[in-house]
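What's in model17.cif: mmCIF, C-alpha atoms and all ligand atoms
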```
data_start
#
loop_
_atom_site.label_atom_id
_atom_site.label_comp_id
_atom_site.auth_asym_id
_atom_site.auth_seq_id
_atom_site.Cartn_x
_atom_site.Cartn_y
_atom_site.Cartn_z
CA MET T 294 -42.07 -28.66 15.33
CA GLU T 295 -41.36 -30.35 12.02
CA ILE T 296 -43.19 -33.60 11.30
CA LYS T 297 -40.91 -36.25 9.75
CA VAL T 298 -42.54 -38.28 7.00
CA GLU T 299 -41.80 -41.84 5.97
CA LEU T 300 -44.04 -42.98 3.14
CA THR T 301 -45.16 -46.58 2.75
CA GLN T 302 -43.42 -48.77 0.19
CA ASN T 303 -46.42 -51.11 0.08
CA PRO T 304 -49.64 -49.15 -0.46
CA LYS T 305 -52.66 -51.26 0.44
CA GLN T 306 -55.51 -52.18 -1.88
CA LYS T 307 -58.59 -49.98 -1.33
CA VAL T 308 -61.86 -51.65 -0.34
CA PRO T 309 -65.00 -50.92 -2.46
CA ALA T 310 -67.45 -48.52 -0.77
CA ASP T 311 -70.19 -51.15 -0.35
CA LYS T 312 -67.81 -53.48 1.54
CA LEU T 313 -66.39 -50.91 3.95
CA GLY T 314 -68.51 -51.38 7.08
CA PHE T 315 -67.22 -49.53 10.16
CA GLY T 316 -63.81 -49.80 11.78
CA ASN T 317 -62.34 -52.62 9.73
CA VAL T 318 -60.14 -50.87 7.18
CA PHE T 319 -57.17 -48.62 7.95
CA SER T 320 -55.38 -46.12 5.71
CA ASP T 321 -51.72 -46.40 4.68
CA HIS T 322 -50.21 -44.02 7.25
CA MET T 323 -50.46 -43.00 10.90
CA PHE T 324 -49.23 -40.07 12.96
CA ILE T 325 -47.24 -40.80 16.09
CA MET T 326 -45.55 -38.61 18.70
CA ASP T 327 -43.65 -39.42 21.91
CA TYR T 328 -43.78 -37.95 25.40
CA GLN T 329 -41.08 -38.29 28.00
CA THR T 330 -40.97 -36.54 31.37
CA GLY T 331 -38.36 -33.80 31.12
CA LYS T 332 -38.53 -33.70 27.32
CA GLY T 333 -42.24 -33.08 26.79
CA TRP T 334 -44.03 -34.08 23.57
CA HIS T 335 -41.46 -34.62 20.81
CA ASN T 336 -40.51 -36.55 17.66
CA PRO T 337 -43.74 -36.11 15.67
CA ARG T 338 -43.76 -38.35 12.61
CA ILE T 339 -46.00 -39.81 9.95
CA VAL T 340 -45.09 -43.41 9.21
CA PRO T 341 -46.66 -46.42 7.45
CA TYR T 342 -49.64 -47.84 9.39
CA GLY T 343 -48.49 -50.97 11.16
CA SER T 344 -47.69 -52.84 14.35
CA ILE T 345 -45.89 -51.19 17.24
CA ALA T 346 -43.93 -53.35 19.69
CA TYR T 347 -44.38 -52.66 23.43
CA GLU T 348 -42.84 -54.32 26.46
CA PRO T 349 -45.40 -56.34 28.46
CA ALA T 350 -44.78 -54.02 31.41
CA VAL T 351 -46.01 -50.83 29.72
CA MET T 352 -48.46 -49.19 32.06
CA VAL T 353 -51.46 -48.91 29.73
CA PHE T 354 -51.81 -52.72 29.85
CA HIS T 355 -52.06 -52.71 33.63
CA TYR T 356 -53.54 -49.44 34.79
CA GLY T 357 -55.54 -48.40 31.75
CA GLN T 358 -54.19 -44.91 31.17
CA ALA T 359 -55.75 -44.64 27.74
CA ILE T 360 -57.96 -42.00 26.13
CA PHE T 361 -59.27 -41.45 22.62
CA GLU T 362 -61.29 -39.28 20.27
CA GLY T 363 -63.43 -39.92 17.21
CA LEU T 364 -64.18 -37.60 14.30
CA LYS T 365 -64.61 -37.80 10.55
CA ALA T 366 -63.26 -36.26 7.34
CA TYR T 367 -65.79 -35.86 4.54
CA ARG T 368 -65.30 -35.56 0.78
CA THR T 369 -67.59 -32.90 -0.65
CA GLU T 370 -69.27 -32.99 -4.08
CA LYS T 371 -66.54 -30.62 -5.31
CA GLY T 372 -63.88 -33.13 -4.21
CA GLU T 373 -62.70 -31.00 -1.28
CA ILE T 374 -61.90 -32.59 2.07
CA VAL T 375 -63.47 -31.12 5.18
CA LEU T 376 -63.59 -31.77 8.93
CA PHE T 377 -66.48 -31.03 11.30
CA ARG T 378 -65.50 -28.96 14.38
CA PRO T 379 -62.13 -30.76 14.81
CA GLN T 380 -60.93 -28.18 17.36
CA GLU T 381 -63.65 -29.47 19.70
CA ASN T 382 -62.24 -32.99 19.52
CA PHE T 383 -58.72 -31.89 20.41
CA ARG T 384 -60.09 -29.73 23.22
CA ARG T 385 -61.97 -32.75 24.57
CA LEU T 386 -58.84 -34.91 24.17
CA ASN T 387 -57.05 -32.46 26.46
CA ALA T 388 -59.93 -32.64 28.96
CA SER T 389 -59.44 -36.42 28.92
CA CYS T 390 -55.67 -35.90 29.42
CA ASP T 391 -56.40 -33.78 32.45
CA ALA T 392 -58.76 -36.38 33.98
CA LEU T 393 -56.23 -39.21 33.58
CA CYS T 394 -53.06 -37.25 34.53
CA ILE T 395 -51.74 -37.45 30.96
CA PRO T 396 -49.66 -34.46 29.78
CA LYS T 397 -51.70 -32.21 27.49
CA ILE T 398 -51.02 -31.86 23.78
CA ASP T 399 -50.78 -28.67 21.73
CA GLU T 400 -54.27 -28.61 20.15
CA GLU T 401 -53.28 -26.43 17.19
CA PHE T 402 -50.29 -28.62 16.43
CA ALA T 403 -52.43 -31.77 16.65
CA LEU T 404 -54.85 -30.33 14.08
CA LYS T 405 -51.93 -29.42 11.83
CA ALA T 406 -50.57 -32.96 12.14
CA LEU T 407 -53.99 -34.40 11.29
CA MET T 408 -54.22 -32.15 8.21
CA GLN T 409 -50.83 -33.37 7.04
CA LEU T 410 -51.82 -37.01 7.58
CA LEU T 411 -55.05 -36.42 5.61
CA THR T 412 -53.10 -34.76 2.81
CA ILE T 413 -50.84 -37.82 2.54
CA ASP T 414 -53.73 -40.31 2.74
CA ARG T 415 -56.18 -38.18 0.73
CA ASP T 416 -56.94 -41.08 -1.64
CA TRP T 417 -58.32 -43.02 1.34
CA ILE T 418 -61.19 -40.58 1.83
CA PRO T 419 -64.09 -42.27 0.02
CA ASP T 420 -66.53 -40.37 -2.17
CA ALA T 421 -69.58 -42.68 -2.33
CA PRO T 422 -72.70 -41.09 -0.75
CA GLY T 423 -72.72 -41.32 3.04
CA THR T 424 -69.14 -42.62 3.32
CA SER T 425 -66.38 -40.81 5.19
CA LEU T 426 -62.95 -41.27 6.74
CA TYR T 427 -63.11 -42.07 10.45
CA ILE T 428 -60.28 -40.51 12.47
CA ARG T 429 -59.15 -42.02 15.75
CA PRO T 430 -56.64 -39.95 17.80
CA PHE T 431 -55.58 -41.68 21.03
CA ILE T 432 -53.00 -41.52 23.81
CA ILE T 433 -51.60 -44.44 25.79
CA ALA T 434 -49.10 -44.77 28.64
CA THR T 435 -45.93 -46.47 27.37
CA GLU T 436 -43.66 -46.51 30.40
CA PRO T 437 -42.63 -50.06 31.33
CA HIS T 438 -43.28 -50.07 35.07
CA ILE T 439 -45.29 -51.97 37.65
CA GLY T 440 -46.80 -49.67 40.27
CA VAL T 441 -49.74 -47.28 40.16
CA HIS T 442 -48.81 -43.70 39.28
CA PRO T 443 -49.12 -41.53 36.16
CA ALA T 444 -46.66 -42.84 33.56
CA ASN T 445 -43.56 -40.92 32.50
CA SER T 446 -43.89 -41.78 28.81
CA TYR T 447 -46.76 -41.81 26.32
CA HIS T 448 -47.63 -42.18 22.65
CA PHE T 449 -50.06 -39.85 20.91
CA ILE T 450 -51.22 -41.66 17.76
CA ILE T 451 -53.72 -40.84 15.00
CA ILE T 452 -55.00 -43.62 12.77
CA THR T 453 -57.69 -43.26 10.10
CA GLY T 454 -59.84 -45.53 7.98
CA PRO T 455 -62.65 -45.25 5.43
CA VAL T 456 -66.11 -46.15 6.73
CA GLY T 457 -69.30 -47.02 4.90
CA ALA T 458 -72.62 -45.20 5.02
CA TYR T 459 -74.12 -45.72 8.49
CA TYR T 460 -77.64 -45.80 7.08
CA LYS T 461 -77.98 -47.50 3.73
CA GLU T 462 -81.75 -47.07 3.41
CA GLY T 463 -82.41 -43.92 5.40
CA LEU T 464 -82.57 -43.42 9.16
CA ASN T 465 -83.38 -46.55 11.12
CA PRO T 466 -85.15 -46.42 14.52
CA VAL T 467 -83.46 -48.57 17.19
CA LYS T 468 -84.73 -50.60 20.14
CA ILE T 469 -83.30 -49.44 23.46
CA TYR T 470 -83.09 -51.26 26.80
CA VAL T 471 -83.16 -49.05 29.92
CA GLU T 472 -80.30 -50.39 32.06
CA THR T 473 -81.15 -50.71 35.75
CA LYS T 474 -78.50 -53.21 36.92
CA TYR T 475 -75.22 -51.79 35.58
CA VAL T 476 -74.00 -48.19 35.50
CA ARG T 477 -71.63 -46.54 33.01
CA ALA T 478 -70.17 -43.76 35.13
CA VAL T 479 -70.64 -41.68 38.24
CA VAL T 480 -70.16 -38.00 39.00
CA GLY T 481 -66.55 -37.61 40.13
CA GLY T 482 -65.43 -40.48 37.89
CA LEU T 483 -64.45 -40.57 34.22
CA GLY T 484 -67.85 -40.36 32.51
CA GLU T 485 -67.40 -36.84 31.14
CA VAL T 486 -64.19 -37.72 29.29
CA LYS T 487 -63.33 -40.27 26.62
CA ALA T 488 -61.38 -42.73 28.75
CA SER T 489 -61.10 -46.23 27.28
CA ALA T 490 -62.11 -47.50 30.74
CA ASN T 491 -65.67 -46.20 30.22
CA TYR T 492 -66.09 -48.43 27.20
CA ALA T 493 -64.74 -51.50 29.01
CA ALA T 494 -67.28 -50.75 31.76
CA SER T 495 -70.13 -50.71 29.24
CA LEU T 496 -69.55 -54.10 27.59
CA LYS T 497 -71.43 -56.39 29.95
CA ALA T 498 -74.63 -54.34 29.91
CA GLN T 499 -74.40 -54.02 26.13
CA MET T 500 -74.00 -57.80 25.71
CA GLU T 501 -76.93 -58.58 28.00
CA ALA T 502 -79.18 -56.05 26.24
CA ALA T 503 -78.18 -57.48 22.84
CA ALA T 504 -79.07 -60.99 24.05
CA LYS T 505 -82.57 -59.64 24.87
CA GLY T 506 -82.88 -58.24 21.34
CA TYR T 507 -81.97 -54.59 22.00
CA THR T 508 -79.49 -52.51 19.99
CA GLN T 509 -78.24 -50.27 22.78
CA VAL T 510 -78.75 -49.53 26.45
CA LEU T 511 -80.04 -46.29 27.92
CA TRP T 512 -77.85 -45.47 30.91
CA LEU T 513 -79.33 -44.08 34.10
CA ASP T 514 -77.41 -42.09 36.71
CA GLY T 515 -75.08 -44.22 38.82
CA VAL T 516 -76.44 -43.15 42.22
CA GLU T 517 -80.24 -43.27 42.08
CA ARG T 518 -80.72 -45.13 38.75
CA LYS T 519 -83.42 -42.59 38.13
CA TYR T 520 -82.17 -39.91 35.76
CA VAL T 521 -81.42 -40.49 32.08
CA GLU T 522 -77.77 -40.05 31.07
CA GLU T 523 -76.86 -41.37 27.61
CA VAL T 524 -77.86 -43.98 25.09
CA GLY T 525 -75.04 -46.39 24.25
CA THR T 526 -72.25 -44.17 22.95
CA MET T 527 -74.58 -41.32 22.10
CA ASN T 528 -76.18 -38.39 23.88
CA VAL T 529 -79.94 -38.41 24.01
CA PHE T 530 -82.80 -35.98 23.30
CA PHE T 531 -86.56 -36.26 24.00
CA VAL T 532 -89.31 -34.13 22.49
CA ILE T 533 -91.88 -33.68 25.28
CA GLY T 534 -94.75 -31.38 24.36
CA ASP T 535 -93.12 -28.25 22.96
CA GLU T 536 -89.91 -28.78 24.91
CA ILE T 537 -86.83 -30.55 23.56
CA VAL T 538 -85.09 -32.02 26.60
CA THR T 539 -81.56 -33.35 26.85
CA PRO T 540 -79.87 -34.40 30.10
CA MET T 541 -77.72 -31.60 31.53
CA LEU T 542 -73.98 -32.24 31.76
CA THR T 543 -73.69 -33.28 35.38
CA GLY T 544 -70.15 -34.72 35.23
CA SER T 545 -70.93 -38.32 34.31
CA ILE T 546 -72.13 -37.62 30.76
CA LEU T 547 -69.84 -37.20 27.75
CA PRO T 548 -70.23 -33.68 26.30
CA GLY T 549 -70.85 -34.77 22.71
CA ILE T 550 -69.95 -32.47 19.84
CA THR T 551 -73.05 -33.62 17.94
CA ARG T 552 -75.12 -32.88 21.08
CA LYS T 553 -73.71 -29.35 21.24
CA SER T 554 -74.30 -28.85 17.50
CA CYS T 555 -77.91 -30.07 17.78
CA ILE T 556 -78.60 -27.69 20.68
CA GLU T 557 -77.15 -24.78 18.70
CA LEU T 558 -79.09 -25.69 15.54
CA LEU T 559 -82.41 -26.24 17.34
CA ARG T 560 -82.07 -22.91 19.16
CA SER T 561 -81.26 -21.18 15.88
CA TRP T 562 -84.57 -22.56 14.57
CA GLY T 563 -86.32 -20.87 17.50
CA LEU T 564 -87.08 -24.15 19.29
CA ASN T 565 -87.15 -24.56 23.04
CA VAL T 566 -84.18 -26.77 24.03
CA VAL T 567 -83.75 -27.38 27.74
CA GLU T 568 -80.72 -29.00 29.38
CA ARG T 569 -81.97 -30.40 32.66
CA ARG T 570 -82.26 -33.57 34.67
CA VAL T 571 -84.89 -35.85 33.20
CA SER T 572 -86.03 -39.00 34.96
CA ILE T 573 -86.98 -42.21 33.16
CA GLU T 574 -90.30 -42.04 35.03
CA GLU T 575 -90.99 -38.67 33.39
CA ILE T 576 -90.33 -40.16 29.93
CA PHE T 577 -92.73 -43.06 30.45
CA ASP T 578 -95.35 -40.73 32.02
CA ALA T 579 -95.04 -38.35 29.06
CA HIS T 580 -95.67 -41.29 26.74
CA GLU T 581 -98.77 -42.25 28.72
CA LYS T 582 -100.05 -38.68 28.49
CA GLY T 583 -99.42 -38.74 24.74
CA ILE T 584 -96.90 -35.86 24.83
CA LEU T 585 -93.68 -37.81 24.16
CA LYS T 586 -93.33 -37.04 20.48
CA GLU T 587 -89.95 -38.52 19.66
CA ALA T 588 -86.53 -39.42 21.03
CA PHE T 589 -83.14 -39.75 19.38
CA GLY T 590 -79.46 -40.29 20.09
CA THR T 591 -76.69 -38.05 18.75
CA GLY T 592 -73.07 -38.92 17.99
CA THR T 593 -70.34 -38.77 15.36
CA ALA T 594 -70.87 -42.30 14.01
CA ALA T 595 -74.61 -42.25 13.26
CA VAL T 596 -75.15 -38.45 13.56
CA ILE T 597 -78.81 -38.97 14.59
CA SER T 598 -80.26 -42.31 15.71
CA PRO T 599 -84.04 -42.29 16.21
CA ILE T 600 -85.34 -44.35 19.13
CA GLY T 601 -88.22 -46.62 18.08
CA GLU T 602 -88.77 -48.57 21.31
CA LEU T 603 -87.86 -48.25 25.00
CA CYS T 604 -87.99 -51.11 27.50
CA TRP T 605 -87.79 -50.27 31.23
CA ASN T 606 -88.21 -53.22 33.59
CA ASP T 607 -91.56 -54.69 32.55
CA ARG T 608 -92.74 -51.58 30.69
CA LYS T 609 -92.35 -51.17 26.93
CA ILE T 610 -93.21 -48.19 24.80
CA ILE T 611 -93.16 -47.59 21.05
CA LEU T 612 -92.17 -44.06 20.03
CA SER T 613 -93.31 -42.16 16.92
CA ASN T 614 -95.15 -45.38 15.88
CA GLY T 615 -91.72 -46.97 15.44
CA LYS T 616 -91.01 -44.49 12.62
CA ILE T 617 -88.50 -41.68 12.24
CA GLY T 618 -89.57 -38.54 14.08
CA GLU T 619 -89.88 -35.29 12.18
CA LEU T 620 -87.18 -33.53 14.16
CA SER T 621 -84.77 -36.50 13.96
CA GLN T 622 -85.02 -36.39 10.17
CA LYS T 623 -84.65 -32.61 10.01
CA LEU T 624 -81.57 -32.58 12.25
CA TYR T 625 -80.01 -35.46 10.32
CA ASP T 626 -80.55 -33.73 6.98
CA GLU T 627 -79.23 -30.42 8.26
CA LEU T 628 -76.13 -31.80 9.99
CA THR T 629 -75.12 -34.16 7.19
CA GLY T 630 -75.86 -31.35 4.71
CA ILE T 631 -73.40 -29.09 6.54
CA GLN T 632 -70.83 -31.89 6.98
CA TYR T 633 -70.75 -32.71 3.24
CA ALA T 634 -70.87 -28.97 2.36
CA LYS T 635 -74.20 -29.38 0.55
CA LYS T 636 -75.86 -26.81 2.80
CA PRO T 637 -74.70 -23.40 4.06
CA ASP T 638 -72.55 -23.47 7.20
CA PRO T 639 -73.78 -20.43 9.19
CA PHE T 640 -71.82 -21.40 12.32
CA ASN T 641 -68.48 -21.96 10.52
CA TRP T 642 -68.28 -25.52 11.81
CA VAL T 643 -66.62 -26.97 8.73
CA VAL T 644 -62.83 -26.75 8.39
CA LYS T 645 -61.34 -27.30 4.96
CA VAL T 646 -58.18 -29.42 4.61
CA GLU T 647 -55.81 -27.52 2.34
CA LEU T 648 -54.30 -30.19 0.11
CA THR T 649 -50.72 -29.20 -0.57
C1 LIG T 701 -70.22 -42.21 25.65
C2 LIG T 701 -70.44 -41.31 24.48
N1 LIG T 701 -71.41 -40.39 24.54
C3 LIG T 701 -71.66 -39.54 23.53
C4 LIG T 701 -70.91 -39.58 22.36
C5 LIG T 701 -71.19 -38.62 21.26
O1 LIG T 701 -70.16 -37.67 21.14
P1 LIG T 701 -69.85 -36.95 19.77
O2 LIG T 701 -71.10 -36.28 19.35
O3 LIG T 701 -68.77 -35.98 20.09
O4 LIG T 701 -69.41 -38.00 18.81
C6 LIG T 701 -69.89 -40.54 22.25
C7 LIG T 701 -69.08 -40.62 21.03
O5 LIG T 701 -68.05 -39.99 20.96
C8 LIG T 701 -69.63 -41.41 23.34
O6 LIG T 701 -68.66 -42.33 23.26
#
```

Please go through the file and, once you have read it, give me the structure as structure tokens.
Ligand SMILES: Cc1ncc(COP(=O)(O)O)c(C=O)c1O
Amino acid sequence: MEIKVELTQNPKQKVPADKLGFGNVFSDHMFIMDYQTGKGWHNPRIVPYGSIAYEPAVMVFHYGQAIFEGLKAYRTEKGEIVLFRPQENFRRLNASCDALCIPKIDEEFALKALMQLLTIDRDWIPDAPGTSLYIRPFIIATEPHIGVHPANSYHFIIITGPVGAYYKEGLNPVKIYVETKYVRAVVGGLGEVKASANYAASLKAQMEAAAKGYTQVLWLDGVERKYVEEVGTMNVFFVIGDEIVTPMLTGSILPGITRKSCIELLRSWGLNVVERRVSIEEIFDAHEKGILKEAFGTGTAAVISPIGELCWNDRKIILSNGKIGELSQKLYDELTGIQYAKKPDPFNWVVKVELT
């Protein structure tokens, strides 16, 4: 399928690297494609970034059929542009499609479309250390209709925008509140896919934790409120004795691409990574016994986020003396090294964007 291109007549002013922040600035163009029952996915195009008009009756506003992805493009020291495991993001987008009865996309075509968008907006990919271009593919139901059923029309859209360095002065340990009142997801629900609904469901807990002085919440399982699931919008790892434990994918946890990459890296270093159920009780007990060495979150935005403090009801623990754990730092250096093509890429994770 040929992608029609309409270039902007009003290129926007770029924002200096130190003023970028996260999620505030958008590049000049976006990719958009339509779906209609009977016609399938059609009319792929790259157009100037801008407003789209929708009727108030479109179904995404009422029934929340909306899914998204998040990945980054990096500029290497040689000036090349690379992506990190982008096929995994489009595979997960299709898993989200399946969970929300949205028609699947052609993953190879989506990657091709992204490459073309990046080629057009190549000047938007920043080169200051630690900066990157955040990529947000998403799908929404666009059929104007009142009544609950899967929509008959959709938009698949990709927008991008430069983002600043997540850590300006090195890795920063965060304070985490163990959430016992609210739950993020349950097995059989939408937790293992990137449905917008999951993020709406997380807001209240996040706000209440922030008001208590915590950066993120640690989610427990939705049934027993006993087993650890995720930390904010990251997967979570604990180093207990000589075991590196991460919650197994039970169906309510998002299968993170950084999580998967960390497991593969750690195993390649000969370390003992175990995917299993891990209770919050076990974590606090391990701390008491002096065998909880460190804990960290993993995700595209921060890559690795060391956990400096955990608060569970009236119990508080400080991990790694509030400092960055050894393994957190090593994983961060290795992953960012691979992502910016500063280190060898033995797993072939990095995909180069051929600028034409
Ligand atoms: C709920 C949730 N868990 C985990 C992750 C980490 O996933 P990834 O490593 O693919 O960015 C994310 C971010 O996408 C997320 O939103």

### Message
Could you list, as a PyMOL selection string, all residues that come within 8 Å of ligand LIG 701 (chain T)? Count all atoms listed in the file.
### Response
chain T and resi 362-364+382+484+487+491-492+523-528+546-553+591-594+596

### Query
Using all atoms listed in the file, which of the listed residues (T:Asn317, T:Gln509, T:Gln409, T:Ser389) sits closest to Tyr427 of chain T?
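Of T:Asn317, T:Gln509, T:Gln409, T:Ser389, the one nearest Tyr427 of chain T is T:Asn317, counting all atoms listed in the file.
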
### Message
Given all atoms listed in the file as the basis, pick out the residue of T:Tyr460, T:Phe640, T:Phe431, T:Trp605 nearest to Val521 of chain T.
### Response
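Residue with the minimum atom-to-atom distance to Val521 of chain T: T:Trp605.
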
### Message
Using only C-alpha atoms, which protein or nucleic acid residues come within 12 Å of Asn565 of chain T? Drop anything in the same chain fewer than 5 positions from it, and give the result as a PyMOL selection string.
### Response
chain T and resi 531-539+555-560

#### Entry: Distance criterion (all atoms listed in the file): nearest to Arg385 of chain T out of T:Tyr347, T:Phe589, T:Tyr633, T:Phe361
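Looking only at the distances to Arg385 of chain T, the closest residue turns out to be T:Phe361.
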
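One distance worth recording is that between atom CA of Gly372 of chain T and atom CA of Ala403 of chain T, which is 23.8 Å.
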
### Spatial neighbours of Ile439 of chain T, 10 Å, all atoms listed in the file, chain gap at least 3 places, as a list in words
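Counting all atoms listed in the file, the residues come to Ala350, Val351, Met352, His355, Tyr356, Glu436 and His442 of chain T.
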
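Atom CA of Phe377 of chain T to atom CA of Phe319 of chain T spans 20.2 Å [interatomic distance, one decimal].
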
### Query
Using all atoms listed in the file, which residue out of T:Ala359, T:Ile374, T:Leu603, T:Leu624 lies closest to Leu483 of chain T?
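When distances to Leu483 of chain T are compared using all atoms listed in the file, the smallest one comes from T:Ala359.
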
### Query
For Ser621 of chain T, which residue out of T:Val318, T:Met500, T:Ile597, T:Val471 is the nearest one, using all atoms listed in the file?
T:Ile597

### Shell of 9 Å around Asn336 of chain T, all atoms listed in the file, local chain residues under 4 positions omitted, as a PyMOL selection string
chain T and resi 294-297+325-328

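Counting only C-alpha atoms and comparing T:Ala406, T:Ala595, T:Glu647, T:Ser489, the residue that lies closest to Ile432 of chain T is T:Ser489.
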
### Query
In Å, how far is it from atom CA of Lys305 of chain T to atom CA of Lys405 of chain T?
24.6 Å

Skip Asp321 of chain T itself and residues of its chain fewer than 4 positions away, then list as a PDB file with C-alpha atoms, in the coordinates of the input all residues within 9 Å of it, counting all atoms listed in the file.
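The file below, selection_33.pdb, is the result:
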```pdb
ATOM      1  CA  LEU T 300     -44.040 -42.980   3.140  1.00  0.00           C
ATOM      2  CA  THR T 301     -45.160 -46.580   2.750  1.00  0.00           C
ATOM      3  CA  ASN T 303     -46.420 -51.110   0.080  1.00  0.00           C
ATOM      4  CA  PRO T 304     -49.640 -49.150  -0.460  1.00  0.00           C
ATOM      5  CA  LYS T 305     -52.660 -51.260   0.440  1.00  0.00           C
ATOM      6  CA  VAL T 340     -45.090 -43.410   9.210  1.00  0.00           C
ATOM      7  CA  PRO T 341     -46.660 -46.420   7.450  1.00  0.00           C
ATOM      8  CA  TYR T 342     -49.640 -47.840   9.390  1.00  0.00           C
ATOM      9  CA  GLY T 343     -48.490 -50.970  11.160  1.00  0.00           C
ATOM     10  CA  ILE T 413     -50.840 -37.820   2.540  1.00  0.00           C
ATOM     11  CA  ASP T 414     -53.730 -40.310   2.740  1.00  0.00           C
ATOM     12  CA  TRP T 417     -58.320 -43.020   1.340  1.00  0.00           C
ATOM     13  CA  THR T 453     -57.690 -43.260  10.100  1.00  0.00           C
ATOM     14  CA  GLY T 454     -59.840 -45.530   7.980  1.00  0.00           C
TER      15      GLY T 454
END
```

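By chain and then residue number, the residues within 9 Å of Pro466 of chain T are T:Phe589, T:Ser598, T:Pro599, T:Ile600, T:Gly601, T:Glu602, T:Gly615, T:Lys616, T:Ile617, counting all atoms listed in the file and disregarding those fewer than 4 positions away in sequence.
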
Generate a file for segment 393-405 of chain T, containing N, CA, C and O atoms, as an mmCIF file, in the first residue's frame.
```cif
data_model
loop_
_atom_site.group_PDB
_atom_site.id
_atom_site.type_symbol
_atom_site.label_atom_id
_atom_site.label_comp_id
_atom_site.auth_asym_id
_atom_site.auth_seq_id
_atom_site.Cartn_x
_atom_site.Cartn_y
_atom_site.Cartn_z
ATOM 1 N N LEU T 393 -9.374 -5.731 22.705
ATOM 2 C CA LEU T 393 -10.450 -4.728 22.660
ATOM 3 C C LEU T 393 -11.298 -4.830 21.390
ATOM 4 O O LEU T 393 -12.001 -3.878 21.025
ATOM 5 N N CYS T 394 -11.230 -5.998 20.710
ATOM 6 C CA CYS T 394 -12.029 -6.230 19.496
ATOM 7 C C CYS T 394 -11.799 -5.150 18.441
ATOM 8 O O CYS T 394 -12.737 -4.693 17.786
ATOM 9 N N ILE T 395 -10.523 -4.742 18.312
ATOM 10 C CA ILE T 395 -10.143 -3.777 17.265
ATOM 11 C C ILE T 395 -9.468 -4.582 16.157
ATOM 12 O O ILE T 395 -8.671 -5.478 16.458
ATOM 13 N N PRO T 396 -9.786 -4.313 14.885
ATOM 14 C CA PRO T 396 -9.145 -5.085 13.817
ATOM 15 C C PRO T 396 -7.628 -4.902 13.817
ATOM 16 O O PRO T 396 -7.142 -3.786 14.000
ATOM 17 N N LYS T 397 -6.900 -6.008 13.632
ATOM 18 C CA LYS T 397 -5.438 -5.960 13.723
ATOM 19 C C LYS T 397 -4.822 -5.203 12.550
ATOM 20 O O LYS T 397 -5.401 -5.154 11.467
ATOM 21 N N ILE T 398 -3.633 -4.679 12.792
ATOM 22 C CA ILE T 398 -2.889 -3.986 11.732
ATOM 23 C C ILE T 398 -1.833 -4.935 11.168
ATOM 24 O O ILE T 398 -1.493 -5.939 11.791
ATOM 25 N N ASP T 399 -1.292 -4.579 10.006
ATOM 26 C CA ASP T 399 -0.181 -5.318 9.415
ATOM 27 C C ASP T 399 1.095 -4.771 10.074
ATOM 28 O O ASP T 399 1.470 -3.616 9.852
ATOM 29 N N GLU T 400 1.738 -5.616 10.913
ATOM 30 C CA GLU T 400 2.856 -5.129 11.733
ATOM 31 C C GLU T 400 4.028 -4.643 10.885
ATOM 32 O O GLU T 400 4.651 -3.626 11.179
ATOM 33 N N GLU T 401 4.303 -5.376 9.794
ATOM 34 C CA GLU T 401 5.429 -4.983 8.935
ATOM 35 C C GLU T 401 5.154 -3.644 8.265
ATOM 36 O O GLU T 401 6.031 -2.789 8.155
ATOM 37 N N PHE T 402 3.907 -3.482 7.829
ATOM 38 C CA PHE T 402 3.525 -2.233 7.175
ATOM 39 C C PHE T 402 3.598 -1.064 8.168
ATOM 40 O O PHE T 402 4.057 0.033 7.832
ATOM 41 N N ALA T 403 3.165 -1.313 9.398
ATOM 42 C CA ALA T 403 3.201 -0.256 10.414
ATOM 43 C C ALA T 403 4.641 0.203 10.661
ATOM 44 O O ALA T 403 4.906 1.401 10.795
ATOM 45 N N LEU T 404 5.578 -0.758 10.690
ATOM 46 C CA LEU T 404 6.982 -0.399 10.901
ATOM 47 C C LEU T 404 7.508 0.405 9.708
ATOM 48 O O LEU T 404 8.230 1.390 9.875
ATOM 49 N N LYS T 405 7.079 -0.003 8.514
ATOM 50 C CA LYS T 405 7.492 0.721 7.305
ATOM 51 C C LYS T 405 6.958 2.164 7.358
ATOM 52 O O LYS T 405 7.673 3.118 7.047
#
```
